[in-house]
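Written out below as structure tokens is the structure these notes cover.
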Amino acid sequence: MAKDERAYNVRAAPSIPPAGYTGATWSDGDGMVYAIDALSDSLFKIGPEIGLANFAAPLSLPMGTVGIEMHPDHGVLYACFDPAHLLSIDLVTGEVTDIGDRGQNTTCTSLAAPRVPVPCLDAL
């Protein structure tokens with residue numbers, strides 16, 4: 001099966017990879033979950049009805065650790081990786097844009113977009 005035809009049943013997965021290699025976030029706008037698999041450097045869409053994960057796009061930047069969050073107002077998929085740079089990811093092409101250093105001296109395994117205005121994100 002070609003990479004772009006892959007589908008995975010998340011509920012039937014035999015094991016969960018070590019923390020930091022995958023990340024997922026809910027999209028209110030699309031009504032689905034987006035997930036990054038850092039081991040294959042791939043973006044997936046997961047339908048909430050049956051938990052089927054479909055390959056969406058290859059990521060243009062290798063991921064190490066993963067933090068991921070869909071901004072609830074802008075509909076932009078943000079991610080972070082090691083080193084802790086803030087990234088945006090195109091949902092169609094998988095193009096990763098490095099926005100800049102988050103100022104952490106550790107790996108980034110968690111990222112959350114607050115549900116209130118944030119001036120540095122609102123300016124993007």
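Here, A, B, ... name the chains of the structure tokens in the order displayed, residue numbers run from 1 inside each chain, and ligands are numbered from 1 in the same displayed order.
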Item checked: Long-range neighbours of A:Phe44 as a PyMOL selection string, 7 Å cut-off, only C-alpha atoms, 2 positions minimum in chain -> chain A and resi 34-36+42+46+53-56
Check: So, counting only C-alpha atoms, which residue among A:Thr107, A:Gly29, A:Thr93, A:Ser88 is closest to A:Ile68?
Finding: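 Ranking A:Thr107, A:Gly29, A:Thr93, A:Ser88 by distance to A:Ile68, first place goes to A:Ser88.
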Check: Near A:Ile99, counting only C-alpha atoms, which residues have an atom at most 7 Å away, once you skip same-chain residues fewer than 2 positions from it, shown as a VMD selection string?
Finding: chain A and resid 86 to 87 97
Those same residues, written as a compact mmCIF listing (two decimals), in the first residue's frame with C-alpha atoms?
# COMPACT_ATOMS: atom_id res chain seq x y z
CA LEU A 86 7.82 26.79 17.56
CA LEU A 87 6.65 25.49 14.19
CA THR A 97 7.76 26.47 8.94
Note to self: If I take atom CA of A:Glu69 and atom CA of A:Leu91, how far is one from the other in Å, to one decimal?
What the structure shows: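 Rounded to one decimal, the two atoms are 12.4 Å apart.
Of the listed residues (A:Pro83, A:Gly64, A:Pro72, A:Gly94), A:Pro72 comes nearest to A:Ser27; the distances count only C-alpha atoms.
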Next item on the list: Could you check how far atom CA of A:Thr109 sits from atom CA of A:Asp37, in Å to one decimal?
Entry: 12.5 Å
Next item on the list: Would you kindly return, as a list in words, each protein, DNA or RNA residue with an atom no farther than 10 Å from any atom of A:Asp98, considering only C-alpha atoms and excluding same-chain residues fewer than 2 positions away?
Entry: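 So, after excluding close chain neighbours, the residues are Leu61, Tyr78, Ala79, Cys80, His85, Leu86, Leu87, Ser88, Ile89, Glu95, Val96, Gly100 and Asp101 of chain A.
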Expected file contents, prior selection, C-alpha atoms, as a PDB file, in the first residue's frame:
ATOM      1  CA  LEU A  61      11.218  18.639   8.627  1.00  0.00           C
ATOM      2  CA  TYR A  78       1.406  24.565  15.709  1.00  0.00           C
ATOM      3  CA  ALA A  79       4.054  22.117  16.842  1.00  0.00           C
ATOM      4  CA  CYS A  80       7.347  22.089  18.674  1.00  0.00           C
ATOM      5  CA  HIS A  85      11.382  25.709  18.291  1.00  0.00           C
ATOM      6  CA  LEU A  86       7.816  26.792  17.559  1.00  0.00           C
ATOM      7  CA  LEU A  87       6.649  25.490  14.193  1.00  0.00           C
ATOM      8  CA  SER A  88       3.575  25.765  11.994  1.00  0.00           C
ATOM      9  CA  ILE A  89       2.497  22.891   9.756  1.00  0.00           C
ATOM     10  CA  GLU A  95       5.353  21.909   4.931  1.00  0.00           C
ATOM     11  CA  VAL A  96       6.888  22.826   8.293  1.00  0.00           C
ATOM     12  CA  GLY A 100      11.484  30.605  16.100  1.00  0.00           C
ATOM     13  CA  ASP A 101      13.150  29.490  19.288  1.00  0.00           C
TER      14      ASP A 101
END
Notebook entry, point to check: Do you have the atom CA of A:Met63-atom CA of A:Thr25 distance handy?
Noted result: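 Here the two named atoms are 16.3 Å from each other.
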